[in-house]
file input09.csv (CSV, C-alpha atoms)
chain,number,residue,atom,x,y,z
A,301,MET,CA,-10.3,39.0,20.9
A,302,SER,CA,-13.8,40.3,20.5
A,303,LYS,CA,-15.4,39.3,17.1
A,304,PHE,CA,-17.1,42.7,17.1
A,305,ILE,CA,-13.8,44.6,17.3
A,306,GLU,CA,-12.1,42.3,14.8
A,307,ARG,CA,-14.9,42.9,12.2
A,308,ALA,CA,-14.7,46.7,12.9
A,309,TRP,CA,-10.9,46.6,12.2
A,310,TYR,CA,-11.3,44.9,8.9
A,311,ARG,CA,-14.4,46.6,7.7
A,312,GLY,CA,-13.0,50.1,8.4
A,313,ALA,CA,-15.5,51.3,11.0
A,314,SER,CA,-15.1,55.0,11.2
A,315,TRP,CA,-15.7,55.2,15.0
A,316,LEU,CA,-12.3,53.4,15.5
A,317,TYR,CA,-10.6,56.7,14.7
A,318,LEU,CA,-11.8,58.0,18.0
A,319,LEU,CA,-9.2,55.6,19.5
A,320,TRP,CA,-6.3,57.3,17.6
A,321,PRO,CA,-4.8,58.9,20.8
A,322,LEU,CA,-4.6,55.4,22.3
A,323,GLN,CA,-3.0,54.1,19.1
A,324,TRP,CA,-0.4,56.9,19.3
A,325,LEU,CA,0.4,56.0,22.9
A,326,PHE,CA,0.7,52.3,22.0
A,327,ILE,CA,3.1,53.1,19.1
A,328,LYS,CA,5.3,55.3,21.4
A,329,LEU,CA,5.5,52.6,24.1
A,330,ALA,CA,6.1,49.8,21.6
A,331,SER,CA,8.9,51.8,20.0
A,332,ARG,CA,10.5,52.5,23.3
A,333,ARG,CA,10.3,48.9,24.3
A,334,ARG,CA,11.9,47.8,21.0
A,335,ARG,CA,14.8,50.2,21.4
A,336,ARG,CA,15.5,49.0,25.0
A,337,LEU,CA,15.3,45.3,24.2
A,338,SER,CA,17.2,45.5,20.9
A,339,THR,CA,20.1,47.3,22.5
A,340,ASN,CA,20.6,44.5,25.0
A,341,ALA,CA,20.0,41.6,22.5
A,342,LYS,CA,23.1,39.4,22.2
A,343,PRO,CA,23.9,37.7,18.9
A,344,GLY,CA,23.7,33.9,19.1
A,345,SER,CA,26.3,31.4,18.1
A,346,ILE,CA,24.3,30.0,15.2
A,347,PRO,CA,21.9,31.8,12.7
A,348,LEU,CA,18.4,32.6,13.9
A,349,ILE,CA,15.5,33.2,11.5
A,350,VAL,CA,12.3,34.8,12.8
A,351,VAL,CA,9.0,34.2,11.1
A,352,GLY,CA,6.3,36.6,12.3
A,353,ASN,CA,3.8,39.2,11.5
A,354,ILE,CA,2.6,42.7,12.5
A,355,SER,CA,-1.1,41.8,12.7
A,356,ILE,CA,-3.1,40.2,15.5
A,357,GLY,CA,-4.3,36.7,14.6
A,358,GLY,CA,-3.1,34.1,12.1
A,359,THR,CA,-1.5,35.0,8.8
A,360,GLY,CA,-0.1,31.6,7.7
A,361,LYS,CA,3.2,31.8,9.7
A,362,THR,CA,3.2,28.1,10.8
A,363,PRO,CA,2.8,26.5,7.3
A,364,LEU,CA,5.6,28.8,6.0
A,365,LEU,CA,7.9,27.9,9.0
A,366,ILE,CA,7.3,24.2,8.3
A,367,ALA,CA,8.1,24.6,4.6
A,368,LEU,CA,11.2,26.6,5.4
A,369,CYS,CA,12.3,24.0,7.9
A,370,LYS,CA,11.9,21.2,5.3
A,371,HIS,CA,13.9,23.2,2.8
A,372,LEU,CA,16.7,23.7,5.2
A,373,GLN,CA,16.8,20.0,6.0
A,374,SER,CA,17.0,19.2,2.3
A,375,LYS,CA,20.1,21.4,2.1
A,376,GLY,CA,21.8,19.5,4.9
A,377,TYR,CA,21.0,21.8,7.8
A,378,LYS,CA,19.8,20.7,11.2
A,379,PRO,CA,17.2,23.2,12.2
A,380,GLY,CA,15.6,23.6,15.6
A,381,ILE,CA,12.4,25.6,16.4
A,382,VAL,CA,11.3,27.7,19.3
A,383,SER,CA,7.7,28.6,19.8
A,384,ARG,CA,5.4,30.2,22.4
A,385,GLY,CA,3.5,27.0,22.8
A,386,TYR,CA,0.0,28.6,23.0
A,387,GLY,CA,-2.5,26.3,24.7
A,388,SER,CA,0.3,24.2,26.3
A,389,ARG,CA,0.4,23.0,29.9
A,390,ALA,CA,3.9,21.7,30.2
A,391,PRO,CA,5.4,20.6,33.5
A,392,SER,CA,7.9,23.4,33.2
A,393,TYR,CA,9.4,25.8,30.6
A,394,PRO,CA,11.3,25.8,28.4
A,395,PHE,CA,9.9,22.4,27.4
A,396,ALA,CA,11.0,20.2,24.6
A,397,VAL,CA,8.3,18.9,22.2
A,398,ASP,CA,8.5,16.0,19.8
A,399,ALA,CA,6.0,14.0,17.7
A,400,MET,CA,4.9,11.9,20.7
A,401,THR,CA,4.4,14.7,23.2
A,402,PRO,CA,0.7,14.8,24.5
A,403,VAL,CA,-1.1,17.7,23.0
A,404,SER,CA,-2.2,18.8,26.4
A,405,GLU,CA,1.4,19.5,27.3
A,406,ALA,CA,2.6,20.8,23.9
A,407,GLY,CA,-0.4,22.8,22.6
A,408,ASP,CA,-1.7,22.2,19.1
A,409,GLU,CA,0.6,24.4,17.1
A,410,ALA,CA,3.9,23.2,18.5
A,411,LEU,CA,2.8,19.6,18.1
A,412,ILE,CA,1.8,20.2,14.5
A,413,ILE,CA,5.3,21.7,13.8
A,414,ALA,CA,7.1,18.8,15.5
A,415,ARG,CA,5.1,16.1,13.7
A,416,HIS,CA,5.5,17.8,10.2
A,417,THR,CA,9.2,18.6,10.5
A,418,GLN,CA,10.5,15.9,12.8
A,419,CYS,CA,12.7,18.7,14.2
A,420,PRO,CA,13.3,19.5,17.9
A,421,VAL,CA,10.8,22.1,19.1
A,422,MET,CA,11.3,24.1,22.3
A,423,ILE,CA,8.4,26.0,23.7
A,424,GLY,CA,8.3,28.8,26.3
A,425,GLY,CA,7.2,32.4,26.8
A,426,ASN,CA,10.8,33.6,27.0
A,427,ARG,CA,12.3,33.0,23.5
A,428,CYS,CA,15.8,33.6,24.6
A,429,HIS,CA,15.6,30.9,27.3
A,430,ALA,CA,14.0,28.6,24.8
A,431,VAL,CA,16.8,29.1,22.3
A,432,ASP,CA,19.4,28.5,25.0
A,433,ALA,CA,17.6,25.2,26.1
A,434,LEU,CA,17.3,24.1,22.4
A,435,GLN,CA,21.0,24.5,21.8
A,436,ALA,CA,21.9,22.9,25.0
A,437,GLN,CA,19.8,19.8,24.4
A,438,PHE,CA,20.0,19.3,20.7
A,439,ALA,CA,22.6,19.4,17.9
A,440,VAL,CA,21.1,22.2,15.8
A,441,ASP,CA,22.9,24.6,13.5
A,442,VAL,CA,20.1,27.0,12.7
A,443,VAL,CA,17.1,28.2,14.8
A,444,LEU,CA,13.7,29.2,13.5
A,445,SER,CA,11.5,31.3,15.8
A,446,ASP,CA,7.8,30.8,15.3
A,447,ASP,CA,6.0,34.2,15.8
A,448,GLY,CA,8.9,36.0,17.5
A,449,LEU,CA,9.0,39.2,15.5
A,450,GLN,CA,8.2,41.4,18.5
A,451,HIS,CA,10.5,39.5,20.9
A,452,TYR,CA,13.3,42.1,20.4
A,453,ALA,CA,15.5,40.6,23.1
A,454,LEU,CA,16.0,37.8,20.7
A,455,ALA,CA,18.8,38.7,18.3
A,456,ARG,CA,17.9,37.7,14.8
A,457,ASP,CA,19.9,37.2,11.5
A,458,ILE,CA,16.9,37.1,9.2
A,459,GLU,CA,13.3,38.4,9.5
A,460,ILE,CA,10.4,37.1,7.5
A,461,ILE,CA,7.1,38.9,7.8
A,462,VAL,CA,4.0,37.0,6.7
A,463,VAL,CA,1.0,39.1,5.5
A,464,ASP,CA,-2.5,37.7,5.0
A,465,ALA,CA,-3.1,38.4,1.3
A,466,GLN,CA,-6.9,38.5,1.7
A,467,ARG,CA,-7.3,40.6,4.8
A,468,GLY,CA,-4.2,42.7,4.4
A,469,PHE,CA,-3.6,45.2,7.3
A,470,GLY,CA,-7.3,46.0,8.0
A,471,ASN,CA,-7.8,49.7,8.6
A,472,GLY,CA,-4.0,50.2,8.8
A,473,LEU,CA,-4.1,51.3,12.4
A,474,CYS,CA,-2.3,49.9,15.5
A,475,LEU,CA,-3.9,48.6,18.6
A,476,PRO,CA,-6.4,49.3,20.0
A,477,ALA,CA,-7.7,51.3,17.0
A,478,GLY,CA,-6.7,48.6,14.5
A,479,PRO,CA,-5.2,45.1,14.3
A,480,LEU,CA,-1.5,46.0,13.9
A,481,ARG,CA,1.1,45.4,16.5
A,482,GLU,CA,3.5,47.7,14.8
A,483,PRO,CA,3.0,50.4,12.0
A,484,ILE,CA,2.9,49.2,8.4
A,485,ALA,CA,6.3,50.8,7.8
A,486,ARG,CA,7.8,47.9,9.9
A,487,VAL,CA,7.2,45.6,6.9
A,488,GLY,CA,9.8,47.5,4.9
A,489,GLU,CA,12.5,46.6,7.5
A,490,ALA,CA,12.1,42.9,7.1
A,491,ASP,CA,14.5,40.8,4.9
A,492,PHE,CA,11.6,39.0,3.3
A,493,VAL,CA,7.8,39.6,3.1
A,494,VAL,CA,5.6,36.7,2.2
A,495,CYS,CA,1.9,37.0,1.3
A,496,SER,CA,-0.2,34.0,2.3
A,497,LEU,CA,-3.4,32.7,0.8
A,498,PRO,CA,-6.0,30.4,2.4
A,499,SER,CA,-5.2,26.7,2.3
A,500,THR,CA,-6.1,23.5,4.1
A,501,SER,CA,-4.7,23.6,7.6
A,502,ALA,CA,-2.6,20.8,9.0
A,503,THR,CA,-4.1,19.0,11.9
A,504,VAL,CA,-2.7,17.2,14.9

call {"tool": "encode", "arguments": {"input": "input09.csv", "output": "structure tokens"}}
result
Amino acid sequence: MSKFIERAWYRGASWLYLLWPLQWLFIKLASRRRRRLSTNAKPGSIPLIVVGNISIGGTGKTPLLIALCKHLQSKGYKPGIVSRGYGSRAPSYPFAVDAMTPVSEAGDEALIIARHTQCPVMIGGNRCHAVDALQAQFAVDVVLSDDGLQHYALARDIEIIVVDAQRGFGNGLCLPAGPLREPIARVGEADFVVCSLPSTSATV
């Protein structure tokens, strides 16, 4: 993502409103896609929790997912995690990641999650396939999806939207005029909304 565009989004550059027609088209297409995928989404056999956001970029989803996973473990649950695996170069997908997986295969984020939770992590672009592989290979009784809010083919029981408390929603516009993947009203549909503050990031 261009740093110039990102700064414009969060500084409220007035020229971005020239892109309003493209924003309108983006919203229409995204809404149509959501309806189509949600209609065909099949509920899973175990609960699924999605931790995501409506903004481009990081909002603190991963630290929250790790904390939630540890909380579930403390209550006797056996969570498993699915993630996109950004930066990964796995031999094939879906791909199981654990604390000993090379970072070149797992990607930074998935490896951080695996090391901090000691839970099975399955990466892959298709979240539905990743969930199926996770349940087939591991004895889990709840699934957490890292950054899967817009993957509407994935049926979910609980949605948690994370919002960057410092940057908020930028200029409040959707792509390409602003940083939002969905309109702000989408936040009101989530089961929980968590505001994140800057903290020391975990490292691999």

call {"tool": "closest_residue", "arguments": {"input": "input09.csv", "among": "A:Pro402, A:Gly387, A:Gly488, A:Gly448", "to": "Gly352 (chain A)", "atoms": "only C-alpha atoms"}}
result
A:Gly448

call {"tool": "residues_around", "arguments": {"input": "input09.csv", "residues": "Tyr393 (chain A)", "least_positions_apart": "3", "cutoff": "12 Å", "atoms": "only C-alpha atoms", "output": "NGL selection string"}}
result
:A and (382-385 or 388-390 or 396-397 or 405-406 or 422-434)

call {"tool": "atom_distance", "arguments": {"input": "input09.csv", "atom1": "CA of Lys378 (chain A)", "atom2": "CA of Val440 (chain A)"}}
result
5.0 Å

call {"tool": "closest_residue", "arguments": {"input": "input09.csv", "among": "A:Arg467, A:His451, A:Lys303, A:Arg415", "to": "Arg335 (chain A)", "atoms": "all atoms listed in the file"}}
result
A:His451

call {"tool": "residues_around", "arguments": {"input": "input09.csv", "residues": "Ile356 (chain A)", "least_positions_apart": "3", "cutoff": "8 Å", "atoms": "all atoms listed in the file", "output": "PyMOL selection string"}}
result
chain A and resi 479-481

call {"tool": "atom_distance", "arguments": {"input": "input09.csv", "atom1": "CA of Arg332 (chain A)", "atom2": "CA of Ala490 (chain A)"}}
result
18.9 Å

call {"tool": "closest_residue", "arguments": {"input": "input09.csv", "among": "A:Ile366, A:Ala453, A:Ala439, A:Val463", "to": "Ile412 (chain A)", "atoms": "all atoms listed in the file"}}
result
A:Ile366

call {"tool": "atom_distance", "arguments": {"input": "input09.csv", "atom1": "CA of Asp464 (chain A)", "atom2": "CA of Leu411 (chain A)"}}
result
23.0 Å

call {"tool": "closest_residue", "arguments": {"input": "input09.csv", "among": "A:Cys495, A:Ala399, A:Leu318, A:Arg486", "to": "Arg334 (chain A)", "atoms": "only C-alpha atoms"}}
result
A:Arg486

call {"tool": "closest_residue", "arguments": {"input": "input09.csv", "among": "A:Pro321, A:Pro363, A:Pro476, A:Gly380", "to": "His416 (chain A)", "atoms": "only C-alpha atoms"}}
result
A:Pro363

call {"tool": "residues_near_point", "arguments": {"input": "input09.csv", "point": "(24.4, 28.3, 13.7)", "cutoff": "7 Å", "atoms": "only C-alpha atoms", "output": "count of residues only"}}
result
5

call {"tool": "closest_residue", "arguments": {"input": "input09.csv", "among": "A:Ser445, A:Ser338, A:Ser314, A:Gln373", "to": "Cys419 (chain A)", "atoms": "all atoms listed in the file"}}
result
A:Gln373

call {"tool": "residues_around", "arguments": {"input": "input09.csv", "residues": "Ala485 (chain A)", "least_positions_apart": "2", "cutoff": "12 Å", "atoms": "only C-alpha atoms", "output": "PDB file with C-alpha atoms, in the frame of the given file"}}
result
ATOM      1  CA  ILE A 327       3.100  53.100  19.100  1.00  0.00           C
ATOM      2  CA  ILE A 354       2.600  42.700  12.500  1.00  0.00           C
ATOM      3  CA  ILE A 461       7.100  38.900   7.800  1.00  0.00           C
ATOM      4  CA  PHE A 469      -3.600  45.200   7.300  1.00  0.00           C
ATOM      5  CA  GLY A 472      -4.000  50.200   8.800  1.00  0.00           C
ATOM      6  CA  LEU A 473      -4.100  51.300  12.400  1.00  0.00           C
ATOM      7  CA  CYS A 474      -2.300  49.900  15.500  1.00  0.00           C
ATOM      8  CA  LEU A 480      -1.500  46.000  13.900  1.00  0.00           C
ATOM      9  CA  ARG A 481       1.100  45.400  16.500  1.00  0.00           C
ATOM     10  CA  GLU A 482       3.500  47.700  14.800  1.00  0.00           C
ATOM     11  CA  PRO A 483       3.000  50.400  12.000  1.00  0.00           C
ATOM     12  CA  VAL A 487       7.200  45.600   6.900  1.00  0.00           C
ATOM     13  CA  GLY A 488       9.800  47.500   4.900  1.00  0.00           C
ATOM     14  CA  GLU A 489      12.500  46.600   7.500  1.00  0.00           C
ATOM     15  CA  ALA A 490      12.100  42.900   7.100  1.00  0.00           C
TER      16      ALA A 490
END

call {"tool": "residues_near_point", "arguments": {"input": "input09.csv", "point": "(-1.6, 37.4, -2.1)", "cutoff": "12 Å", "atoms": "all atoms listed in the file", "output": "list in words"}}
result
Thr359, Gly360, Val462, Val463, Asp464, Ala465, Gln466, Arg467, Gly468, Val493, Val494, Cys495, Ser496, Leu497 and Pro498 of chain A

call {"tool": "decode", "arguments": {"input": "input09.csv", "residues": "region 376-391 of chain A", "atoms": "all heavy atoms", "output": "PDB file, in the first residue's frame"}}
result
ATOM      1  N   GLY A 376     -10.407 -24.896  29.720  1.00  0.00           N
ATOM      2  CA  GLY A 376     -10.496 -26.304  29.371  1.00  0.00           C
ATOM      3  C   GLY A 376     -10.791 -26.601  27.919  1.00  0.00           C
ATOM      4  O   GLY A 376     -10.954 -27.767  27.538  1.00  0.00           O
ATOM      5  N   TYR A 377     -10.871 -25.573  27.068  1.00  0.00           N
ATOM      6  CA  TYR A 377     -11.119 -25.788  25.642  1.00  0.00           C
ATOM      7  C   TYR A 377      -9.827 -26.162  24.912  1.00  0.00           C
ATOM      8  O   TYR A 377      -8.721 -25.920  25.407  1.00  0.00           O
ATOM      9  CB  TYR A 377     -11.720 -24.529  25.010  1.00  0.00           C
ATOM     10  CG  TYR A 377     -13.132 -24.245  25.440  1.00  0.00           C
ATOM     11  CD1 TYR A 377     -13.390 -23.363  26.498  1.00  0.00           C
ATOM     12  CD2 TYR A 377     -14.211 -24.837  24.797  1.00  0.00           C
ATOM     13  CE1 TYR A 377     -14.689 -23.096  26.903  1.00  0.00           C
ATOM     14  CE2 TYR A 377     -15.518 -24.573  25.192  1.00  0.00           C
ATOM     15  CZ  TYR A 377     -15.748 -23.701  26.247  1.00  0.00           C
ATOM     16  OH  TYR A 377     -17.034 -23.439  26.654  1.00  0.00           O
ATOM     17  N   LYS A 378     -10.004 -26.736  23.717  1.00  0.00           N
ATOM     18  CA  LYS A 378      -8.870 -27.098  22.874  1.00  0.00           C
ATOM     19  C   LYS A 378      -8.993 -26.328  21.557  1.00  0.00           C
ATOM     20  O   LYS A 378      -9.494 -26.853  20.558  1.00  0.00           O
ATOM     21  CB  LYS A 378      -8.864 -28.603  22.613  1.00  0.00           C
ATOM     22  CG  LYS A 378      -8.705 -29.446  23.872  1.00  0.00           C
ATOM     23  CD  LYS A 378      -8.778 -30.927  23.547  1.00  0.00           C
ATOM     24  CE  LYS A 378      -8.644 -31.783  24.794  1.00  0.00           C
ATOM     25  NZ  LYS A 378      -8.760 -33.241  24.489  1.00  0.00           N
ATOM     26  N   PRO A 379      -8.535 -25.062  21.559  1.00  0.00           N
ATOM     27  CA  PRO A 379      -8.703 -24.247  20.356  1.00  0.00           C
ATOM     28  C   PRO A 379      -7.700 -24.581  19.250  1.00  0.00           C
ATOM     29  O   PRO A 379      -6.583 -25.028  19.521  1.00  0.00           O
ATOM     30  CB  PRO A 379      -8.481 -22.819  20.869  1.00  0.00           C
ATOM     31  CG  PRO A 379      -7.634 -22.981  22.082  1.00  0.00           C
ATOM     32  CD  PRO A 379      -7.983 -24.308  22.687  1.00  0.00           C
ATOM     33  N   GLY A 380      -8.143 -24.370  18.030  1.00  0.00           N
ATOM     34  CA  GLY A 380      -7.278 -24.415  16.867  1.00  0.00           C
ATOM     35  C   GLY A 380      -7.450 -23.107  16.121  1.00  0.00           C
ATOM     36  O   GLY A 380      -8.475 -22.426  16.271  1.00  0.00           O
ATOM     37  N   ILE A 381      -6.463 -22.748  15.315  1.00  0.00           N
ATOM     38  CA  ILE A 381      -6.458 -21.437  14.672  1.00  0.00           C
ATOM     39  C   ILE A 381      -6.247 -21.579  13.170  1.00  0.00           C
ATOM     40  O   ILE A 381      -5.424 -22.392  12.729  1.00  0.00           O
ATOM     41  CB  ILE A 381      -5.347 -20.550  15.275  1.00  0.00           C
ATOM     42  CG1 ILE A 381      -5.600 -20.348  16.774  1.00  0.00           C
ATOM     43  CG2 ILE A 381      -5.253 -19.208  14.555  1.00  0.00           C
ATOM     44  CD1 ILE A 381      -4.390 -19.884  17.553  1.00  0.00           C
ATOM     45  N   VAL A 382      -6.990 -20.805  12.402  1.00  0.00           N
ATOM     46  CA  VAL A 382      -6.747 -20.729  10.961  1.00  0.00           C
ATOM     47  C   VAL A 382      -6.327 -19.304  10.618  1.00  0.00           C
ATOM     48  O   VAL A 382      -6.814 -18.335  11.213  1.00  0.00           O
ATOM     49  CB  VAL A 382      -7.984 -21.129  10.129  1.00  0.00           C
ATOM     50  CG1 VAL A 382      -8.302 -22.594  10.329  1.00  0.00           C
ATOM     51  CG2 VAL A 382      -9.192 -20.269  10.453  1.00  0.00           C
ATOM     52  N   SER A 383      -5.399 -19.206   9.669  1.00  0.00           N
ATOM     53  CA  SER A 383      -4.855 -17.905   9.299  1.00  0.00           C
ATOM     54  C   SER A 383      -4.472 -17.919   7.826  1.00  0.00           C
ATOM     55  O   SER A 383      -4.230 -18.991   7.246  1.00  0.00           O
ATOM     56  CB  SER A 383      -3.624 -17.587  10.161  1.00  0.00           C
ATOM     57  OG  SER A 383      -3.030 -16.365   9.786  1.00  0.00           O
ATOM     58  N   ARG A 384      -4.398 -16.747   7.241  1.00  0.00           N
ATOM     59  CA  ARG A 384      -3.993 -16.632   5.834  1.00  0.00           C
ATOM     60  C   ARG A 384      -2.564 -17.104   5.641  1.00  0.00           C
ATOM     61  O   ARG A 384      -2.230 -17.710   4.628  1.00  0.00           O
ATOM     62  CB  ARG A 384      -4.155 -15.175   5.366  1.00  0.00           C
ATOM     63  CG  ARG A 384      -3.574 -14.882   3.986  1.00  0.00           C
ATOM     64  CD  ARG A 384      -4.348 -15.611   2.914  1.00  0.00           C
ATOM     65  NE  ARG A 384      -3.801 -15.376   1.587  1.00  0.00           N
ATOM     66  CZ  ARG A 384      -2.815 -16.079   1.036  1.00  0.00           C
ATOM     67  NH1 ARG A 384      -2.232 -17.058   1.717  1.00  0.00           N
ATOM     68  NH2 ARG A 384      -2.394 -15.817  -0.185  1.00  0.00           N
ATOM     69  N   GLY A 385      -1.685 -16.802   6.591  1.00  0.00           N
ATOM     70  CA  GLY A 385      -0.276 -17.166   6.444  1.00  0.00           C
ATOM     71  C   GLY A 385       0.480 -16.215   5.538  1.00  0.00           C
ATOM     72  O   GLY A 385       1.255 -16.650   4.676  1.00  0.00           O
ATOM     73  N   TYR A 386       0.270 -14.915   5.725  1.00  0.00           N
ATOM     74  CA  TYR A 386       0.948 -13.928   4.900  1.00  0.00           C
ATOM     75  C   TYR A 386       2.465 -14.103   4.977  1.00  0.00           C
ATOM     76  O   TYR A 386       3.028 -14.290   6.050  1.00  0.00           O
ATOM     77  CB  TYR A 386       0.575 -12.507   5.338  1.00  0.00           C
ATOM     78  CG  TYR A 386      -0.858 -12.152   5.022  1.00  0.00           C
ATOM     79  CD1 TYR A 386      -1.814 -12.072   6.022  1.00  0.00           C
ATOM     80  CD2 TYR A 386      -1.250 -11.912   3.712  1.00  0.00           C
ATOM     81  CE1 TYR A 386      -3.134 -11.761   5.721  1.00  0.00           C
ATOM     82  CE2 TYR A 386      -2.569 -11.605   3.404  1.00  0.00           C
ATOM     83  CZ  TYR A 386      -3.496 -11.524   4.419  1.00  0.00           C
ATOM     84  OH  TYR A 386      -4.808 -11.228   4.121  1.00  0.00           O
ATOM     85  N   GLY A 387       3.117 -14.046   3.834  1.00  0.00           N
ATOM     86  CA  GLY A 387       4.570 -14.191   3.784  1.00  0.00           C
ATOM     87  C   GLY A 387       5.049 -15.622   3.806  1.00  0.00           C
ATOM     88  O   GLY A 387       6.248 -15.875   3.780  1.00  0.00           O
ATOM     89  N   SER A 388       4.117 -16.584   3.857  1.00  0.00           N
ATOM     90  CA  SER A 388       4.513 -17.996   3.924  1.00  0.00           C
ATOM     91  C   SER A 388       4.832 -18.540   2.537  1.00  0.00           C
ATOM     92  O   SER A 388       4.325 -18.051   1.527  1.00  0.00           O
ATOM     93  CB  SER A 388       3.390 -18.827   4.546  1.00  0.00           C
ATOM     94  OG  SER A 388       2.242 -18.818   3.705  1.00  0.00           O
ATOM     95  N   ARG A 389       5.675 -19.561   2.527  1.00  0.00           N
ATOM     96  CA  ARG A 389       5.980 -20.299   1.292  1.00  0.00           C
ATOM     97  C   ARG A 389       5.931 -21.783   1.618  1.00  0.00           C
ATOM     98  O   ARG A 389       6.938 -22.496   1.572  1.00  0.00           O
ATOM     99  CB  ARG A 389       7.349 -19.900   0.751  1.00  0.00           C
ATOM    100  CG  ARG A 389       7.426 -18.458   0.267  1.00  0.00           C
ATOM    101  CD  ARG A 389       8.768 -18.133  -0.353  1.00  0.00           C
ATOM    102  NE  ARG A 389       8.816 -16.763  -0.853  1.00  0.00           N
ATOM    103  CZ  ARG A 389       9.888 -16.219  -1.410  1.00  0.00           C
ATOM    104  NH1 ARG A 389      11.004 -16.931  -1.536  1.00  0.00           N
ATOM    105  NH2 ARG A 389       9.843 -14.967  -1.844  1.00  0.00           N
ATOM    106  N   ALA A 390       4.748 -22.234   1.970  1.00  0.00           N
ATOM    107  CA  ALA A 390       4.561 -23.628   2.364  1.00  0.00           C
ATOM    108  C   ALA A 390       4.614 -24.538   1.141  1.00  0.00           C
ATOM    109  O   ALA A 390       4.318 -24.108   0.022  1.00  0.00           O
ATOM    110  CB  ALA A 390       3.221 -23.781   3.080  1.00  0.00           C
ATOM    111  N   PRO A 391       4.967 -25.810   1.344  1.00  0.00           N
ATOM    112  CA  PRO A 391       5.000 -26.760   0.228  1.00  0.00           C
ATOM    113  C   PRO A 391       3.637 -26.933  -0.431  1.00  0.00           C
ATOM    114  O   PRO A 391       3.538 -27.173  -1.637  1.00  0.00           O
ATOM    115  CB  PRO A 391       5.456 -28.062   0.889  1.00  0.00           C
ATOM    116  CG  PRO A 391       6.134 -27.649   2.157  1.00  0.00           C
ATOM    117  CD  PRO A 391       5.421 -26.415   2.599  1.00  0.00           C
TER     118      PRO A 391
END
